[in-house]
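Student: Below is model02.csv; it holds CSV, C-alpha atoms.
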```
chain,number,residue,atom,x,y,z
H,97,MET,CA,0.0,0.0,0.0
H,98,HIS,CA,1.2,3.5,-0.7
H,99,ARG,CA,1.9,5.8,2.3
H,100,ARG,CA,-1.1,8.0,1.4
H,101,HIS,CA,-3.3,5.0,1.7
H,102,ILE,CA,-1.7,3.6,4.9
H,103,LEU,CA,-2.1,6.7,7.0
H,104,PRO,CA,-5.9,7.1,6.7
H,105,PHE,CA,-6.2,3.3,7.3
H,106,LEU,CA,-4.2,3.6,10.5
H,107,ALA,CA,-6.1,6.6,11.6
H,108,ALA,CA,-9.4,4.8,11.2
H,109,VAL,CA,-8.1,1.9,13.2
H,110,THR,CA,-7.0,4.2,16.0
H,111,VAL,CA,-10.2,6.2,16.1
H,112,ALA,CA,-12.7,3.3,15.8
H,113,PRO,CA,-12.7,2.1,19.4
H,114,ALA,CA,-13.6,5.6,20.7
H,115,ALA,CA,-16.7,5.6,18.5
H,116,PHE,CA,-18.0,2.8,20.8
H,117,ALA,CA,-16.9,4.3,24.1
H,118,TRP,CA,-19.4,4.1,26.9
H,119,PRO,CA,-21.7,5.9,27.5
H,120,ASP,CA,-22.6,7.0,24.0
H,121,GLN,CA,-26.3,7.8,24.7
H,122,PRO,CA,-28.6,8.7,27.6
H,123,ILE,CA,-28.8,6.1,30.4
H,124,ARG,CA,-32.1,4.8,31.5
H,125,LEU,CA,-32.4,4.4,35.3
H,126,VAL,CA,-35.4,2.3,36.1
H,127,VAL,CA,-37.2,2.6,39.4
H,128,PRO,CA,-39.6,-0.4,39.7
H,129,PHE,CA,-41.9,1.5,42.1
H,130,THR,CA,-44.0,4.7,42.1
H,131,PRO,CA,-42.4,8.1,42.5
H,132,ALA,CA,-41.5,9.6,45.9
H,133,GLY,CA,-40.5,6.3,47.6
H,134,GLY,CA,-36.9,5.5,48.7
H,135,PRO,CA,-35.7,4.0,45.4
H,136,ASP,CA,-37.1,7.0,43.5
H,137,ILE,CA,-35.7,9.6,45.8
H,138,ILE,CA,-32.2,8.0,45.6
H,139,ALA,CA,-32.5,7.6,41.8
H,140,ARG,CA,-33.4,11.2,41.2
H,141,TYR,CA,-30.7,12.5,43.5
H,142,ALA,CA,-28.0,10.3,41.9
H,143,ALA,CA,-29.2,10.8,38.3
H,144,GLU,CA,-28.8,14.6,38.5
H,145,ARG,CA,-25.2,14.3,39.7
H,146,LEU,CA,-24.1,11.3,37.7
H,147,SER,CA,-25.2,12.9,34.4
H,148,PRO,CA,-22.3,15.5,34.2
H,149,ARG,CA,-19.8,12.9,35.3
H,150,LEU,CA,-20.8,10.5,32.6
H,151,GLY,CA,-21.3,13.1,29.9
H,152,HIS,CA,-24.8,11.9,29.1
H,153,SER,CA,-28.1,12.4,30.9
H,154,VAL,CA,-29.3,9.7,33.3
H,155,VAL,CA,-33.1,9.5,32.9
H,156,VAL,CA,-35.2,8.1,35.7
H,157,GLU,CA,-38.1,6.0,34.6
H,158,ASN,CA,-40.7,4.6,37.0
H,159,ILE,CA,-42.1,1.2,36.0
H,160,PRO,CA,-44.2,0.2,39.1
H,161,GLY,CA,-46.4,-2.9,39.6
H,162,ALA,CA,-46.4,-6.3,41.3
H,163,SER,CA,-44.2,-5.2,44.2
H,164,GLY,CA,-41.5,-4.1,41.9
H,165,ASN,CA,-41.5,-7.3,39.8
H,166,ILE,CA,-42.6,-5.6,36.5
H,167,GLY,CA,-39.8,-3.0,36.4
H,168,SER,CA,-37.2,-5.5,37.7
H,169,GLN,CA,-38.1,-7.9,34.9
H,170,VAL,CA,-37.6,-5.1,32.3
H,171,VAL,CA,-34.1,-4.4,33.6
H,172,ALA,CA,-33.3,-8.2,33.9
H,173,ARG,CA,-34.2,-8.6,30.2
H,174,ALA,CA,-32.5,-5.4,29.0
H,175,LYS,CA,-29.3,-5.5,26.9
H,176,PRO,CA,-26.3,-5.6,29.2
H,177,ASP,CA,-24.6,-2.6,27.7
H,178,GLY,CA,-24.6,-0.2,30.6
H,179,ASN,CA,-27.4,1.9,29.2
H,180,THR,CA,-30.1,0.4,31.5
H,181,LEU,CA,-29.7,0.5,35.3
H,182,MET,CA,-32.0,0.0,38.2
H,183,SER,CA,-32.5,1.6,41.6
H,184,SER,CA,-34.1,-1.0,43.9
H,185,VAL,CA,-34.6,-2.0,47.5
H,186,ASN,CA,-34.5,-5.2,49.5
H,187,THR,CA,-37.9,-6.3,48.2
H,188,LEU,CA,-35.9,-7.4,45.2
H,189,VAL,CA,-34.8,-10.5,47.2
H,190,MET,CA,-37.9,-10.8,49.4
H,191,ASN,CA,-40.0,-11.4,46.3
H,192,ALA,CA,-37.9,-14.4,45.4
H,193,SER,CA,-39.5,-16.4,48.2
H,194,LEU,CA,-43.0,-14.7,48.0
H,195,TYR,CA,-43.7,-15.5,44.4
H,196,ASP,CA,-43.7,-19.0,42.9
H,197,LYS,CA,-43.1,-17.8,39.4
H,198,LEU,CA,-40.9,-14.8,39.7
H,199,PRO,CA,-40.0,-13.5,36.2
H,200,TYR,CA,-36.3,-12.9,37.2
H,201,ASP,CA,-33.7,-14.3,39.5
H,202,PRO,CA,-32.5,-11.6,42.0
H,203,VAL,CA,-29.0,-13.1,42.1
H,204,ALA,CA,-28.4,-14.5,38.6
H,205,ASP,CA,-30.1,-11.8,36.5
H,206,PHE,CA,-28.5,-8.6,37.9
H,207,ALA,CA,-25.0,-7.2,38.2
H,208,PRO,CA,-24.7,-5.4,41.6
H,209,ILE,CA,-23.1,-2.0,41.3
H,210,SER,CA,-23.2,-0.4,44.7
H,211,LEU,CA,-25.3,0.1,47.8
H,212,THR,CA,-26.9,3.5,47.9
H,213,ALA,CA,-28.5,3.8,51.3
H,214,TRP,CA,-29.9,2.2,54.4
H,215,GLY,CA,-33.4,2.8,55.7
H,216,THR,CA,-34.4,2.3,59.3
H,217,LEU,CA,-37.7,0.8,60.4
H,218,VAL,CA,-38.9,1.5,63.9
H,219,LEU,CA,-41.4,-0.7,65.9
H,220,VAL,CA,-44.1,1.6,67.3
H,221,ALA,CA,-47.1,1.1,69.4
H,222,GLU,CA,-50.3,3.0,69.9
H,223,PRO,CA,-49.8,4.6,73.4
H,224,GLY,CA,-52.8,3.0,74.9
H,225,GLN,CA,-51.4,-0.5,74.5
H,226,ALA,CA,-50.7,-2.2,77.8
H,227,PRO,CA,-47.5,-3.9,76.5
H,228,SER,CA,-45.5,-0.8,76.0
H,229,THR,CA,-42.0,-2.3,75.7
H,230,LEU,CA,-40.8,-5.1,73.3
H,231,ALA,CA,-40.2,-7.4,76.3
H,232,ALA,CA,-43.7,-6.8,77.6
H,233,LEU,CA,-45.1,-7.3,74.1
H,234,ILE,CA,-43.3,-10.7,73.7
H,235,ALA,CA,-44.5,-11.8,77.2
H,236,ALA,CA,-48.1,-10.9,76.5
H,237,ALA,CA,-48.1,-12.6,73.1
H,238,LYS,CA,-46.7,-15.8,74.6
H,239,ALA,CA,-49.5,-15.7,77.2
H,240,ALA,CA,-52.2,-15.0,74.7
H,241,PRO,CA,-51.2,-15.9,71.1
H,242,ARG,CA,-52.8,-13.8,68.3
H,243,ASN,CA,-54.5,-11.5,70.8
H,244,LEU,CA,-52.3,-8.4,69.9
H,245,SER,CA,-52.6,-6.9,66.5
H,246,TYR,CA,-50.1,-5.2,64.1
H,247,GLY,CA,-50.6,-3.6,60.8
H,248,SER,CA,-48.5,-3.3,57.6
H,249,PRO,CA,-48.9,-1.8,54.1
H,250,GLY,CA,-49.6,-5.2,52.7
H,251,VAL,CA,-48.6,-8.9,52.8
H,252,GLY,CA,-44.9,-9.4,52.0
H,253,THR,CA,-43.9,-5.8,52.4
H,254,PRO,CA,-40.7,-5.1,54.4
H,255,HIS,CA,-42.9,-3.8,57.3
H,256,HIS,CA,-44.7,-7.1,57.4
H,257,LEU,CA,-41.6,-9.3,57.0
H,258,ALA,CA,-39.9,-7.3,59.7
H,259,MET,CA,-42.6,-8.2,62.2
H,260,ALA,CA,-42.7,-11.8,60.9
H,261,LEU,CA,-38.9,-12.0,61.8
H,262,VAL,CA,-39.7,-10.7,65.3
H,263,GLU,CA,-42.4,-13.3,65.7
H,264,THR,CA,-40.2,-16.1,64.4
H,265,THR,CA,-37.2,-15.1,66.6
H,266,ALA,CA,-39.3,-14.5,69.7
H,267,GLY,CA,-41.5,-17.5,69.2
H,268,ILE,CA,-44.8,-15.5,69.3
H,269,GLU,CA,-48.0,-15.2,67.3
H,270,LEU,CA,-49.6,-11.8,66.6
H,271,MET,CA,-52.6,-10.9,64.5
H,272,HIS,CA,-51.5,-9.4,61.2
H,273,VAL,CA,-53.8,-6.8,59.7
H,274,PRO,CA,-52.6,-6.0,56.1
H,275,TYR,CA,-53.6,-2.8,54.4
H,276,LYS,CA,-53.5,-1.6,50.8
H,277,GLY,CA,-50.7,0.9,51.4
H,278,ALA,CA,-49.1,2.6,54.4
H,279,ALA,CA,-51.6,5.5,54.8
H,280,GLY,CA,-54.5,3.3,56.0
H,281,ALA,CA,-52.3,1.4,58.5
H,282,LEU,CA,-50.8,4.6,59.9
H,283,GLN,CA,-54.3,6.1,60.3
H,284,ASP,CA,-55.5,3.1,62.1
H,285,ILE,CA,-52.6,2.8,64.5
H,286,LEU,CA,-53.0,6.5,65.4
H,287,GLY,CA,-56.7,5.8,66.0
H,288,GLY,CA,-56.1,2.7,68.1
H,289,GLN,CA,-57.6,0.2,65.7
H,290,ILE,CA,-54.4,-1.7,65.6
H,291,GLY,CA,-51.7,-1.9,68.3
H,292,TYR,CA,-48.3,-2.1,66.7
H,293,MET,CA,-46.4,-1.8,63.4
H,294,PHE,CA,-43.1,-1.1,61.8
H,295,LEU,CA,-42.8,2.3,60.2
H,296,PRO,CA,-39.9,4.1,58.4
H,297,ILE,CA,-38.2,6.2,61.0
H,298,HIS,CA,-38.8,9.5,59.3
H,299,VAL,CA,-42.5,8.8,59.1
H,300,ALA,CA,-42.7,7.7,62.7
H,301,ALA,CA,-40.5,10.3,64.4
H,302,PRO,CA,-42.9,13.3,64.3
H,303,TYR,CA,-45.7,11.1,65.9
H,304,ILE,CA,-43.2,9.8,68.5
H,305,GLY,CA,-42.2,13.3,69.2
H,306,ASN,CA,-45.7,14.5,69.9
H,307,GLY,CA,-46.7,11.5,71.9
H,308,ARG,CA,-49.2,10.0,69.4
H,309,LEU,CA,-47.0,6.9,69.0
H,310,LYS,CA,-44.6,5.2,71.3
H,311,ALA,CA,-41.3,3.8,70.0
H,312,LEU,CA,-40.4,0.3,71.2
H,313,ALA,CA,-37.2,-0.4,69.2
H,314,VAL,CA,-35.4,0.6,66.1
H,315,GLY,CA,-34.7,-2.1,63.5
H,316,SER,CA,-31.1,-1.1,62.9
H,317,PRO,CA,-28.0,-2.8,64.3
H,318,ARG,CA,-27.1,0.5,66.1
H,319,ARG,CA,-29.2,3.2,67.6
H,320,ALA,CA,-30.6,5.7,65.1
H,321,PRO,CA,-29.4,9.3,65.3
H,322,LEU,CA,-33.0,10.5,64.8
H,323,LEU,CA,-34.1,8.5,67.9
H,324,PRO,CA,-31.0,8.1,70.1
H,325,ASP,CA,-32.9,7.1,73.2
H,326,VAL,CA,-34.8,4.2,71.5
H,327,PRO,CA,-33.1,0.8,71.9
H,328,THR,CA,-32.3,-1.5,69.0
H,329,LEU,CA,-34.2,-4.8,68.7
H,330,GLY,CA,-31.0,-6.4,70.0
H,331,GLU,CA,-30.9,-4.2,73.0
H,332,ALA,CA,-34.6,-4.8,73.6
H,333,GLY,CA,-34.1,-8.6,73.8
H,334,LEU,CA,-33.8,-10.0,70.3
H,335,ALA,CA,-30.0,-10.4,70.0
H,336,GLY,CA,-28.6,-10.4,66.5
H,337,VAL,CA,-31.9,-9.2,64.8
H,338,ASP,CA,-32.1,-6.2,62.6
H,339,VAL,CA,-34.6,-5.3,59.8
H,340,ASP,CA,-32.9,-2.4,58.1
H,341,MET,CA,-33.9,-1.9,54.5
H,342,TRP,CA,-31.0,-1.6,52.0
H,343,TYR,CA,-31.1,0.2,48.7
H,344,GLY,CA,-28.8,-0.4,45.7
H,345,PHE,CA,-28.1,0.2,42.1
H,346,PHE,CA,-28.0,-2.8,39.7
H,347,ALA,CA,-27.4,-3.5,36.0
H,348,PRO,CA,-28.5,-6.5,33.9
H,349,SER,CA,-26.3,-9.5,34.4
H,350,GLY,CA,-23.5,-9.6,31.8
H,351,THR,CA,-22.8,-5.9,31.9
H,352,PRO,CA,-19.1,-5.4,31.3
H,353,ALA,CA,-17.0,-5.2,34.4
H,354,ASP,CA,-15.3,-2.0,33.4
H,355,ILE,CA,-18.7,-0.3,33.1
H,356,VAL,CA,-19.8,-1.6,36.5
H,357,ASP,CA,-16.5,-0.4,38.0
H,358,ARG,CA,-16.9,3.0,36.4
H,359,LEU,CA,-20.4,3.4,37.7
H,360,ASN,CA,-19.4,2.2,41.1
H,361,ARG,CA,-16.6,4.9,41.3
H,362,ASP,CA,-19.0,7.6,40.3
H,363,ILE,CA,-21.8,6.5,42.7
H,364,VAL,CA,-19.3,6.3,45.5
H,365,ALA,CA,-18.1,9.9,44.7
H,366,VAL,CA,-21.7,11.3,44.5
H,367,LEU,CA,-23.1,9.6,47.6
H,368,GLY,CA,-19.9,10.3,49.6
H,369,ALA,CA,-20.4,14.0,49.3
H,370,PRO,CA,-21.5,15.8,52.5
H,371,GLU,CA,-24.6,17.2,50.7
H,372,ALA,CA,-25.8,13.6,50.2
H,373,LYS,CA,-25.9,12.9,53.9
H,374,THR,CA,-28.0,16.1,54.5
H,375,ALA,CA,-30.4,15.3,51.7
H,376,PHE,CA,-30.8,11.7,52.5
H,377,GLU,CA,-31.3,12.1,56.2
H,378,ALA,CA,-34.2,14.5,55.6
H,379,GLN,CA,-35.9,11.5,53.9
H,380,GLY,CA,-35.0,9.0,56.7
H,381,LEU,CA,-32.2,7.5,54.7
H,382,ILE,CA,-28.5,7.0,55.4
H,383,PRO,CA,-26.3,7.2,52.3
H,384,ALA,CA,-24.1,4.2,51.9
H,385,THR,CA,-21.9,2.7,49.2
H,386,SER,CA,-20.1,-0.6,48.7
H,387,THR,CA,-18.1,-2.6,46.2
H,388,PRO,CA,-20.1,-4.6,43.7
H,389,ALA,CA,-18.9,-7.8,45.4
H,390,ALA,CA,-20.1,-6.5,48.8
H,391,LEU,CA,-23.6,-5.8,47.5
H,392,ALA,CA,-23.7,-9.2,45.9
H,393,GLU,CA,-23.0,-10.8,49.3
H,394,ILE,CA,-25.8,-8.7,50.9
H,395,VAL,CA,-28.2,-9.8,48.2
H,396,VAL,CA,-27.5,-13.5,48.7
H,397,ARG,CA,-27.5,-13.3,52.5
H,398,ASP,CA,-30.8,-11.4,52.5
H,399,ARG,CA,-32.4,-13.7,50.0
H,400,ASP,CA,-31.7,-16.7,52.2
H,401,ARG,CA,-32.7,-14.9,55.4
H,402,TRP,CA,-36.1,-13.8,54.2
H,403,ALA,CA,-36.8,-17.1,52.4
H,404,ASP,CA,-36.5,-18.7,55.8
H,405,VAL,CA,-38.9,-16.3,57.4
H,406,VAL,CA,-41.4,-16.6,54.6
H,407,ALA,CA,-41.3,-20.4,54.8
H,408,ARG,CA,-41.6,-20.5,58.5
H,409,ARG,CA,-44.5,-18.1,58.6
H,410,GLY,CA,-46.2,-19.6,55.5
H,411,ILE,CA,-46.5,-16.1,54.0
H,412,LYS,CA,-48.1,-15.8,50.6
H,413,PRO,CA,-48.7,-12.4,48.8
H,414,ALA,CA,-52.4,-11.4,48.5
```
As a first step, turn the structure in this file into structure tokens.
Tutor:
Amino acid sequence: MHRRHILPFLAAVTVAPAAFAWPDQPIRLVVPFTPAGGPDIIARYAAERLSPRLGHSVVVENIPGASGNIGSQVVARAKPDGNTLMSSVNTLVMNASLYDKLPYDPVADFAPISLTAWGTLVLVAEPGQAPSTLAALIAAAKAAPRNLSYGSPGVGTPHHLAMALVETTAGIELMHVPYKGAAGALQDILGGQIGYMFLPIHVAAPYIGNGRLKALAVGSPRRAPLLPDVPTLGEAGLAGVDVDMWYGFFAPSGTPADIVDRLNRDIVAVLGAPEAKTAFEAQGLIPATSTPAALAEIVVRDRDRWADVVARRGIKPA
């Protein structure tokens, strides 16, 4: 080949890989739930700050339905090219034991990227309830099984499974009253129609502060800064038990490792900023990050933990 032919050829070879550099288009960040919940709040906060880092917009898309199963299935079946991501919560693994024909595998079908936050649940009681501590609640429930009631936003929700874990660990039976969403359950515990329930700490804190609810224990391994005087479940008598909700970012399984690593570095930078702590704590969340491998371990551990609770309690989604 003549020199004038070789140079353009070499230039084309040199430039070609850059044409396929990632990202080369807007990134779709799927939230498999309705707006305003934890996964959505985290997704929108991160998307705004990841976009300039990645050089392309990160577009949040809510695909709710079937306790997150519909949106999760969309991501599981998406092309693993880094252009479709998911902001999810621990219901991703809870659903694996609740649904007989789950349209995805929470371990095999996703590539973990990073933790994004922890959310604390607090066990509360209507102040008129005679058992006003966790120890007293357990003792009363053992003396009279299914005599005390608790509510949840629905069968199989983290709030429900948290109490199911308490029942399993303590060896007690309570009366579960499932609602279609958190609003009705909150209204009824405030009105005294049900006695107990787990609530997100930022939802419960104002009612605890004005005396309309009493806090029995926080579900985190350590005391919560928002309620520093409230014992943990472990301190209240259930050693080793915590029911914190974790949040994380995922990609479809098979997404190239270099893309996952790049996303992980950027998410760690975004959520490690002081402003993230302030913004998240206002929503009852604690920003947290991890390596992809660490999130993978959490996913497997939680899948097995909640599968055991669901099996023992015989829980089936309504």
Student: For Asn243 (chain H), work out the shell of residues within 7 Å, counting all atoms listed in the file and skipping chain neighbours fewer than 5 positions away, then give it as a list in words.
Tutor: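 Returned residues: Ala237, Leu270 and Met271 of chain H.
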Student: Would you mind listing what lies within 12 Å of Leu381 (chain H) as a ChimeraX atom specification, with only C-alpha atoms counted and same-chain residues fewer than 2 positions away left out?
Tutor: /H:133-135,137-138,212-217,296-299,316,320-322,340-343,367,372-379,383-384
Student: Rounded to one decimal place, report the CA of Ala239 (chain H)-CA of Ala311 (chain H) distance in Å.
Tutor: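 Going from CA of Ala239 (chain H) over to CA of Ala311 (chain H) covers 22.3 Å.
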Student: Considering all atoms listed in the file, can you say which of H:Ser147, H:Thr264, H:Asn179, H:Ser168 comes closest to Gln121 (chain H)?
Tutor: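 Smallest distance to Gln121 (chain H) is found for H:Asn179.
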Student: Take CA of Leu334 (chain H) and CA of Gln289 (chain H) and report the distance between them in Å, one decimal.
Tutor: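 Computing it gives 26.3 Å between the two atoms.
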Student: What is the CA of Leu323 (chain H)-CA of His272 (chain H) distance in Å, reported with one decimal?
Tutor: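 About the pair CA of Leu323 (chain H) and CA of His272 (chain H): they are 25.8 Å apart.
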Student: Determine the nearest neighbour of Tyr246 (chain H) from the options H:Ala279, H:Ala162, H:Ile290, H:Ala231, counting all atoms listed in the file.
Tutor: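 Nearest candidate to Tyr246 (chain H) out of H:Ala279, H:Ala162, H:Ile290, H:Ala231: H:Ile290.
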Student: Looking at H:Pro202, H:Gly287, H:Gly350, H:Gly344, which one is nearest to Val126 (chain H), with distances taken over only C-alpha atoms?
Tutor: H:Gly344
Student: Which residue out of H:Gln283, H:Ser193, H:Asn158, H:Asn186 has the minimum interatomic distance to Phe345 (chain H) when only C-alpha atoms are used?
Tutor: H:Asn186
Student: When distances are computed from only C-alpha atoms, which of H:Pro122, H:Gly161, H:Gly178, H:Gly291 shows the smallest separation from Ala143 (chain H)?
Tutor: H:Pro122
Student: Restricting the calculation to only C-alpha atoms, which member of H:Ala300, H:Val251, H:Ala260, H:Ala281 is positioned closest to Tyr195 (chain H)?
Tutor: H:Val251
Student: Using only C-alpha atoms, which protein or nucleic acid residues come within 10 Å of Ala301 (chain H)? Drop anything in the same chain fewer than 6 positions from it, and give the result as a ChimeraX atom specification.
Tutor: /H:218,220,295,307,309-311,322-323,380
Student: Using all atoms listed in the file, which residues sit within 7 Å of His255 (chain H) once same-chain residues fewer than 3 positions away are excluded, as a PDB file with C-alpha atoms, keeping the file's coordinate frame?
Tutor:
```
ATOM      1  CA  SER H 248     -48.500  -3.300  57.600  1.00  0.00           C
ATOM      2  CA  ALA H 258     -39.900  -7.300  59.700  1.00  0.00           C
ATOM      3  CA  MET H 259     -42.600  -8.200  62.200  1.00  0.00           C
ATOM      4  CA  PHE H 294     -43.100  -1.100  61.800  1.00  0.00           C
ATOM      5  CA  LEU H 295     -42.800   2.300  60.200  1.00  0.00           C
TER       6      LEU H 295
END
```
Student: What's the 12 Å shell around Ile166 (chain H), counting all atoms listed in the file, without same-chain residues fewer than 6 positions away, as a VMD selection string?
Tutor: chain H and resid 126 to 130 158 to 160 172 to 173 188 191 198 to 200
Student: List the residues sitting within 10 Å of (-47.2, -16.1, 54.4) in the file's frame, using only C-alpha atoms, as a list in words.
Tutor: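 Using only C-alpha atoms, the matching residues come out as Ser193, Leu194, Val251, Gly252, His256, Leu257, Ala260, Val405, Val406, Ala407, Arg408, Arg409, Gly410, Ile411, Lys412, Pro413 and Ala414 of chain H.
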Student: List as a PDB file with C-alpha atoms, in the frame of the given file the residues having at least one atom at most 9 Å from position (-52.7, -2.3, 53.9) as given in the file, counting all atoms listed in the file.
Tutor:
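Listed below is the output, result.pdb:
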```
ATOM      1  CA  GLY H 247     -50.600  -3.600  60.800  1.00  0.00           C
ATOM      2  CA  SER H 248     -48.500  -3.300  57.600  1.00  0.00           C
ATOM      3  CA  PRO H 249     -48.900  -1.800  54.100  1.00  0.00           C
ATOM      4  CA  GLY H 250     -49.600  -5.200  52.700  1.00  0.00           C
ATOM      5  CA  VAL H 251     -48.600  -8.900  52.800  1.00  0.00           C
ATOM      6  CA  VAL H 273     -53.800  -6.800  59.700  1.00  0.00           C
ATOM      7  CA  PRO H 274     -52.600  -6.000  56.100  1.00  0.00           C
ATOM      8  CA  TYR H 275     -53.600  -2.800  54.400  1.00  0.00           C
ATOM      9  CA  LYS H 276     -53.500  -1.600  50.800  1.00  0.00           C
ATOM     10  CA  GLY H 277     -50.700   0.900  51.400  1.00  0.00           C
ATOM     11  CA  ALA H 278     -49.100   2.600  54.400  1.00  0.00           C
ATOM     12  CA  ALA H 279     -51.600   5.500  54.800  1.00  0.00           C
ATOM     13  CA  GLY H 280     -54.500   3.300  56.000  1.00  0.00           C
ATOM     14  CA  ALA H 281     -52.300   1.400  58.500  1.00  0.00           C
TER      15      ALA H 281
END
```
